[in-house]
Amino acid sequence: MACFSGSARFSKDWNQAAARHIGPRSNCPASMWNVASSNMLELDDIQHFLMTRPHALTARYEFMTFHNARGGREWLSGIVDKVGTAGAVKLADATDTRWVTVAFTWQGLRALGIDDASLATFPDEFREGMAARAKILGDTGRNEPQHWTGGLGSDDVHAIIILFARDVAQREQSTREYERFLGTCPGVERLSSLDLAAIPPYEYSHDHFGYRDRLSQCVIAGSDEVANPGSGPPLKAGEFFLGYPDESGEVPRLPRPEILSRNGSYVAYRRLQEHVGAFRDFLAQHGKTRDEQELIAAKMMGRWRSGAPLVLAPEKDDPELGADPLRNNDFNYKTMDPHGYAVPLGAHIRRMNPRDTATNMNRHRMIRRGGTYGPHLPEGSPEDGVERGIAAFVGCASLVRQFEFAQNVWANDPSFHELKNERDPIIGTQDGSFDLTIPRRPVRRTLKGLPAFTTVRGGAYFFLPGIRALRFLASGRGDSHD
């Protein structure tokens with residue numbers, strides 16, 4: 001992927017594989033092509049999840065299984081009117097948090113009765129599911145699907161419903177209401193659930209390690225959002241939603257029937273446990289002072305925990321810069337830090353968004369959503385054995401070309417950027433045998449034997465249908481069995 005020969009060669013092979021999975025371009029009917037080619041987003045049909053964030057600080061994920069198609073359709077019929085569209089959520093005020101999001105695995109579409117001919121038109125990676133793609137994603141050792149929790153990784157995961165809420169009290173109220181509704185849906189069962197909430201300090205979004213979040217966001221062409229400096233130009237809608245031209249200028253073939261797939265997206269769900277105690281111990285082991293420890297943390301991420309990028313603040317944290325969306329993402333690598341003296345070549349943000357040091361960058365961008373789960377571990381407190389982490393969704397139009405490429409090449413290729421023995425220090429698969437090189441003058445520093453700071457605790461590939469598709473699924477018009 002990068003301009004360097006090793007990763008570039010891998011990228012070419014991976015893109016060829018992606019082309020085989022995606023299939024030839026669509027010969028769209030004229031009526032559909034006229035809408036798609038105009039780049040006019042159908043905001044009243046697209047679920048809000050990848051377009052607009054609701055006014056919510058908490059959420060609940062419910063993972064569902066359907067014992068029969070009729071029960072699944074009745075369940076969906078009861079919630080479809082609460083699913084927020086991109087248009088409606090954008091216009092909602094801060095007191096309106098009634099929105100839900102719903103998505104399905106391939107097994108879930110099958111359980112709802114979609115016929116085999118239609119199911120066969122979905123891409124191989126979606127049909128196989130995330131657990132079957134574990135080796136491609138680097139989910140080995142403690143990350144293997146056999147260790148996942150809550151039924152994730154099994155064929156029994158058919159759907160997810162996300163309940164958004166303003167605060168914990170409202171989330172609990174929404175959960176009680178959903179419990180009562182679920183009791184009226186025979187044939188539908190909850191496999192597991194996960195509560196999410198912001199953690200202190202509440203002034204800005206951040207993970208359990210303390211890194212500020214939501215700093216580099218894609219902007220979709222056709223929306224009225226304006227990209228912050230450094231975020232790149234708006235990307236074609238077809239990079240994220242099916243039925244629109246992508247960055248190649250063409251419309252990929254849609255899974256059939258069109259009413260099911262148009263305005264839909266694929267989302268990869270990842271539940272990552274964050275080992276906060278191990279992270280703090282590592283910093284203390286390799287940094288003699290608090291300032292040295294913070295610099296190591298910044299070198300692993302590529303930003304200070306305040307969000308200030310090392311390219312713009314290489315020696316000292318600048319919280320004011322980190323909090324300024326007009327400045328905190330406005331940098332490049334090719335001319336401002338070509339050798340990694342500010343941001344190491346293997347740092348998290350440099351691997352997962354190589355910016356101007358990558359080829360075909362716009363074909364690998366993704367939209368990330370999600371939040372933190374588990375209690376905050378106060379500074380200075382020992383590891384308490386309670387699981388905490390992030391539960392994130394990555395939205396895209398091609399799981400192979402976007403999500404799987406990022407996991408396989410950017411996060412886990414040891415020779416990325418012509419490095420020798422490194423993986424992403426934050427989310428890469430670590431087993432104590434990989435390093436992090438920190439360029440500096442006169443002698444570079446190498447942190448050897450990085451431990452795993454995160455562990456995959458679950459995952460799944462979902463399809464996020466449009467509203468018309470949800471009504472189609474609820475109606476049973478694509479039913480092959482009952």
# chains A, B, ... in the order shown; residues from 1 in each chain; ligands from 1
call {"tool": "residues_around", "arguments": {"residues": "Gly153 in chain A", "least_positions_apart": "2", "cutoff": "8 Å", "atoms": "only C-alpha atoms", "output": "PyMOL selection string"}}
result
chain A and resi 129-131+145-146+148+151+155+157+458-460
call {"tool": "closest_atom_pairs", "arguments": {"of": "range 140-248 of chain A", "to": "range 387-399 of chain A", "cutoff": "7 Å", "atoms": "only C-alpha atoms", "output": "CSV"}}
result
residue,atom,partner,partner_atom,distance
A:Asp207,CA,A:Ile390,CA,6.9
A:His208,CA,A:Gly389,CA,6.4
A:Gly238,CA,A:Ala397,CA,6.8
A:Glu239,CA,A:Ala397,CA,5.3
A:Phe240,CA,A:Cys396,CA,4.3
A:Phe241,CA,A:Ala397,CA,5.7
A:Leu242,CA,A:Ala397,CA,6.2
call {"tool": "write_last_selection", "arguments": {"atoms": "N, CA and C atoms", "output": "mmCIF file, in the first residue's frame"}}
result
data_model
loop_
_atom_site.group_PDB
_atom_site.id
_atom_site.type_symbol
_atom_site.label_atom_id
_atom_site.label_comp_id
_atom_site.auth_asym_id
_atom_site.auth_seq_id
_atom_site.Cartn_x
_atom_site.Cartn_y
_atom_site.Cartn_z
ATOM 1 N N ASP A 207 -10.291 6.894 24.569
ATOM 2 C CA ASP A 207 -10.339 5.490 24.946
ATOM 3 C C ASP A 207 -9.798 5.303 26.364
ATOM 4 N N HIS A 208 -9.714 4.044 26.800
ATOM 5 C CA HIS A 208 -9.264 3.775 28.168
ATOM 6 C C HIS A 208 -7.783 4.063 28.363
ATOM 7 N N GLY A 238 -19.922 5.905 -2.960
ATOM 8 C CA GLY A 238 -19.800 4.485 -3.235
ATOM 9 C C GLY A 238 -18.679 3.785 -2.493
ATOM 10 N N GLU A 239 -17.813 4.538 -1.825
ATOM 11 C CA GLU A 239 -16.811 3.930 -0.954
ATOM 12 C C GLU A 239 -17.429 3.390 0.325
ATOM 13 N N PHE A 240 -18.679 3.823 0.623
ATOM 14 C CA PHE A 240 -19.304 3.464 1.899
ATOM 15 C C PHE A 240 -20.719 2.902 1.746
ATOM 16 N N PHE A 241 -21.423 3.298 0.684
ATOM 17 C CA PHE A 241 -22.812 2.885 0.496
ATOM 18 C C PHE A 241 -22.974 2.239 -0.872
ATOM 19 N N LEU A 242 -23.702 1.140 -0.925
ATOM 20 C CA LEU A 242 -23.890 0.412 -2.169
ATOM 21 C C LEU A 242 -24.885 1.138 -3.068
#
call {"tool": "residues_around", "arguments": {"residues": "Ile259 in chain A", "least_positions_apart": "3", "cutoff": "9 Å", "atoms": "only C-alpha atoms", "output": "list in words"}}
result
Arg256, Arg262, Asn263, Gly466, Arg468, Ala469 and Phe472 of chain A
call {"tool": "write_last_selection", "arguments": {"atoms": "C-alpha atoms", "output": "short mmCIF file (atom, residue, chain, number, x, y, z; two decimals), in the first residue's frame"}}
result
data_model
loop_
_atom_site.label_atom_id
_atom_site.label_comp_id
_atom_site.auth_asym_id
_atom_site.auth_seq_id
_atom_site.Cartn_x
_atom_site.Cartn_y
_atom_site.Cartn_z
CA ARG A 256 -29.66 -9.05 -5.47
CA ARG A 262 -29.11 -0.38 -2.29
CA ASN A 263 -28.11 2.24 0.30
CA GLY A 466 -31.42 0.89 4.09
CA ARG A 468 -36.66 0.19 2.33
CA ALA A 469 -34.55 -2.94 2.67
CA PHE A 472 -38.58 -5.64 2.52
#
call {"tool": "closest_residue", "arguments": {"among": "A:Thr58, A:Gln285, A:Asn328, A:Thr101", "to": "Asn228 in chain A", "atoms": "only C-alpha atoms"}}
result
A:Asn328
call {"tool": "residues_around", "arguments": {"residues": "Pro257 in chain A", "least_positions_apart": "2", "cutoff": "10 Å", "atoms": "only C-alpha atoms", "output": "PDB file with N, CA and C atoms, in the first residue's frame"}}
result
ATOM      1  N   ILE A 114     -34.259 -15.068   3.256  1.00  0.00           N
ATOM      2  CA  ILE A 114     -33.784 -14.641   1.943  1.00  0.00           C
ATOM      3  C   ILE A 114     -33.361 -15.873   1.143  1.00  0.00           C
ATOM      4  N   ALA A 117     -30.471 -17.952  -3.967  1.00  0.00           N
ATOM      5  CA  ALA A 117     -29.946 -17.266  -5.143  1.00  0.00           C
ATOM      6  C   ALA A 117     -29.509 -15.849  -4.788  1.00  0.00           C
ATOM      7  N   SER A 118     -30.285 -15.169  -3.980  1.00  0.00           N
ATOM      8  CA  SER A 118     -29.920 -13.815  -3.545  1.00  0.00           C
ATOM      9  C   SER A 118     -28.732 -13.856  -2.599  1.00  0.00           C
ATOM     10  N   LEU A 119     -28.745 -14.787  -1.669  1.00  0.00           N
ATOM     11  CA  LEU A 119     -27.641 -14.886  -0.706  1.00  0.00           C
ATOM     12  C   LEU A 119     -26.308 -15.136  -1.403  1.00  0.00           C
ATOM     13  N   THR A 121     -25.243 -13.868  -4.058  1.00  0.00           N
ATOM     14  CA  THR A 121     -24.709 -12.681  -4.727  1.00  0.00           C
ATOM     15  C   THR A 121     -23.928 -11.771  -3.783  1.00  0.00           C
ATOM     16  N   LEU A 254     -24.393  -4.743  -7.460  1.00  0.00           N
ATOM     17  CA  LEU A 254     -25.143  -4.866  -6.211  1.00  0.00           C
ATOM     18  C   LEU A 254     -25.549  -6.310  -5.962  1.00  0.00           C
ATOM     19  N   PRO A 255     -25.502  -6.761  -4.712  1.00  0.00           N
ATOM     20  CA  PRO A 255     -26.172  -8.029  -4.385  1.00  0.00           C
ATOM     21  C   PRO A 255     -27.657  -7.922  -4.723  1.00  0.00           C
ATOM     22  N   ILE A 259     -33.446  -3.922  -4.054  1.00  0.00           N
ATOM     23  CA  ILE A 259     -34.129  -3.286  -2.929  1.00  0.00           C
ATOM     24  C   ILE A 259     -33.489  -3.680  -1.599  1.00  0.00           C
ATOM     25  N   LEU A 260     -32.862  -4.845  -1.546  1.00  0.00           N
ATOM     26  CA  LEU A 260     -32.216  -5.300  -0.322  1.00  0.00           C
ATOM     27  C   LEU A 260     -30.858  -4.629  -0.114  1.00  0.00           C
ATOM     28  N   SER A 261     -30.129  -4.394  -1.182  1.00  0.00           N
ATOM     29  CA  SER A 261     -28.743  -3.947  -1.020  1.00  0.00           C
ATOM     30  C   SER A 261     -28.525  -2.449  -1.202  1.00  0.00           C
ATOM     31  N   ARG A 262     -29.347  -1.795  -2.001  1.00  0.00           N
ATOM     32  CA  ARG A 262     -29.109  -0.383  -2.289  1.00  0.00           C
ATOM     33  C   ARG A 262     -29.173   0.451  -1.004  1.00  0.00           C
ATOM     34  N   ALA A 469     -34.994  -1.547   2.557  1.00  0.00           N
ATOM     35  CA  ALA A 469     -34.554  -2.936   2.672  1.00  0.00           C
ATOM     36  C   ALA A 469     -35.064  -3.564   3.963  1.00  0.00           C
ATOM     37  N   GLY A 478     -38.838 -11.734   0.202  1.00  0.00           N
ATOM     38  CA  GLY A 478     -37.706 -12.512  -0.328  1.00  0.00           C
ATOM     39  C   GLY A 478     -37.620 -13.879   0.295  1.00  0.00           C
TER      40      GLY A 478
END
call {"tool": "residues_around", "arguments": {"residues": "Gly183 in chain A", "least_positions_apart": "5", "cutoff": "12 Å", "atoms": "only C-alpha atoms", "output": "number ranges by chain"}}
result
A: 71, 75, 78, 176-178, 188-190
call {"tool": "select_by_dssp", "arguments": {"residues": "range 243-310 of chain A", "states": "strand (DSSP E)", "output": "VMD selection string"}}
result
chain A and resid 265 to 274
call {"tool": "closest_residue", "arguments": {"among": "A:Asp139, A:Glu274, A:Glu247, A:Glu292", "to": "Thr429 in chain A", "atoms": "only C-alpha atoms"}}
result
A:Asp139
call {"tool": "select_by_dssp", "arguments": {"residues": "range 21-192 of chain A", "states": "helix (DSSP H, G or I)", "output": "number ranges by chain"}}
result
A: 21-22, 30-37, 48-50, 69-82, 86-91, 106-111, 116-119, 124-128, 131-137, 141-143, 145-147, 168-182
call {"tool": "closest_residue", "arguments": {"among": "A:Lys420, A:Arg270, A:Arg60, A:Arg290", "to": "Thr149 in chain A", "atoms": "only C-alpha atoms"}}
result
A:Arg270
call {"tool": "atom_distance", "arguments": {"atom1": "CA of Glu294 in chain A", "atom2": "CA of Asp317 in chain A"}}
result
8.8 Å
call {"tool": "residues_around", "arguments": {"residues": "Trp99 in chain A", "least_positions_apart": "6", "cutoff": "12 Å", "atoms": "only C-alpha atoms", "output": "PyMOL selection string"}}
result
chain A and resi 47-49+52-56+59-60+79-86+88-90+92+161-166+171+174
call {"tool": "closest_residue", "arguments": {"among": "A:His348, A:Arg214, A:His158, A:Lys334", "to": "Arg368 in chain A", "atoms": "only C-alpha atoms"}}
result
A:Arg214
call {"tool": "closest_residue", "arguments": {"among": "A:Arg133, A:Arg363, A:Lys448, A:Arg73", "to": "Gly108 in chain A", "atoms": "only C-alpha atoms"}}
result
A:Arg73
call {"tool": "residues_around", "arguments": {"residues": "range 211-213 of chain A", "least_positions_apart": "4", "cutoff": "12 Å", "atoms": "only C-alpha atoms", "output": "number ranges by chain"}}
result
A: 198-207, 217, 276, 294, 297-298, 300-309, 319, 321-325, 328-329, 348-349, 368-372, 390, 392, 426
call {"tool": "write_last_selection", "arguments": {"atoms": "C-alpha atoms", "output": "JSON list (two decimals), in the first residue's frame"}}
result
[["chain", "number", "residue", "atom", "x", "y", "z"],
["A", 198, "ALA", "CA", -18.30, 7.61, 27.94],
["A", 199, "ILE", "CA", -15.56, 7.56, 30.61],
["A", 200, "PRO", "CA", -13.98, 10.46, 32.52],
["A", 201, "PRO", "CA", -12.90, 13.06, 31.70],
["A", 202, "TYR", "CA", -16.14, 13.73, 29.83],
["A", 203, "GLU", "CA", -15.06, 16.89, 28.01],
["A", 204, "TYR", "CA", -13.94, 14.94, 24.92],
["A", 205, "SER", "CA", -14.10, 11.43, 23.46],
["A", 206, "HIS", "CA", -11.20, 9.13, 24.33],
["A", 207, "ASP", "CA", -10.34, 5.49, 24.95],
["A", 217, "GLN", "CA", -12.91, 11.60, 9.99],
["A", 276, "VAL", "CA", -4.67, -0.55, 30.71],
["A", 294, "GLU", "CA", 4.20, 10.35, 27.89],
["A", 297, "ALA", "CA", 2.94, 6.77, 24.61],
["A", 298, "ALA", "CA", 2.90, 9.49, 21.96],
["A", 300, "MET", "CA", 3.36, 4.48, 19.83],
["A", 301, "MET", "CA", 0.23, 6.36, 18.78],
["A", 302, "GLY", "CA", 1.70, 9.20, 16.69],
["A", 303, "ARG", "CA", -0.15, 11.75, 18.82],
["A", 304, "TRP", "CA", 0.03, 12.93, 22.38],
["A", 305, "ARG", "CA", -2.85, 11.70, 24.46],
["A", 306, "SER", "CA", -4.36, 15.20, 24.18],
["A", 307, "GLY", "CA", -4.72, 14.60, 20.43],
["A", 308, "ALA", "CA", -1.85, 16.91, 19.44],
["A", 309, "PRO", "CA", -0.01, 15.27, 16.49],
["A", 319, "PRO", "CA", -3.36, 20.33, 24.55],
["A", 321, "LEU", "CA", -3.56, 22.13, 19.52],
["A", 322, "GLY", "CA", -5.03, 18.72, 20.31],
["A", 323, "ALA", "CA", -8.44, 20.24, 20.98],
["A", 324, "ASP", "CA", -8.51, 22.39, 17.82],
["A", 325, "PRO", "CA", -10.22, 20.50, 14.95],
["A", 328, "ASN", "CA", -5.01, 18.91, 14.95],
["A", 329, "ASN", "CA", -5.26, 16.97, 11.70],
["A", 348, "HIS", "CA", -0.54, 3.53, 15.00],
["A", 349, "ILE", "CA", -1.82, 6.59, 13.14],
["A", 368, "ARG", "CA", -15.42, 4.21, 12.33],
["A", 369, "ARG", "CA", -18.13, 4.27, 14.97],
["A", 370, "GLY", "CA", -18.34, 2.88, 18.49],
["A", 371, "GLY", "CA", -17.40, 3.70, 22.03],
["A", 372, "THR", "CA", -15.92, 2.52, 25.31],
["A", 390, "ILE", "CA", -13.61, -0.27, 22.89],
["A", 392, "ALA", "CA", -16.09, -0.36, 17.34],
["A", 426, "ILE", "CA", -1.76, -0.52, 19.72]]
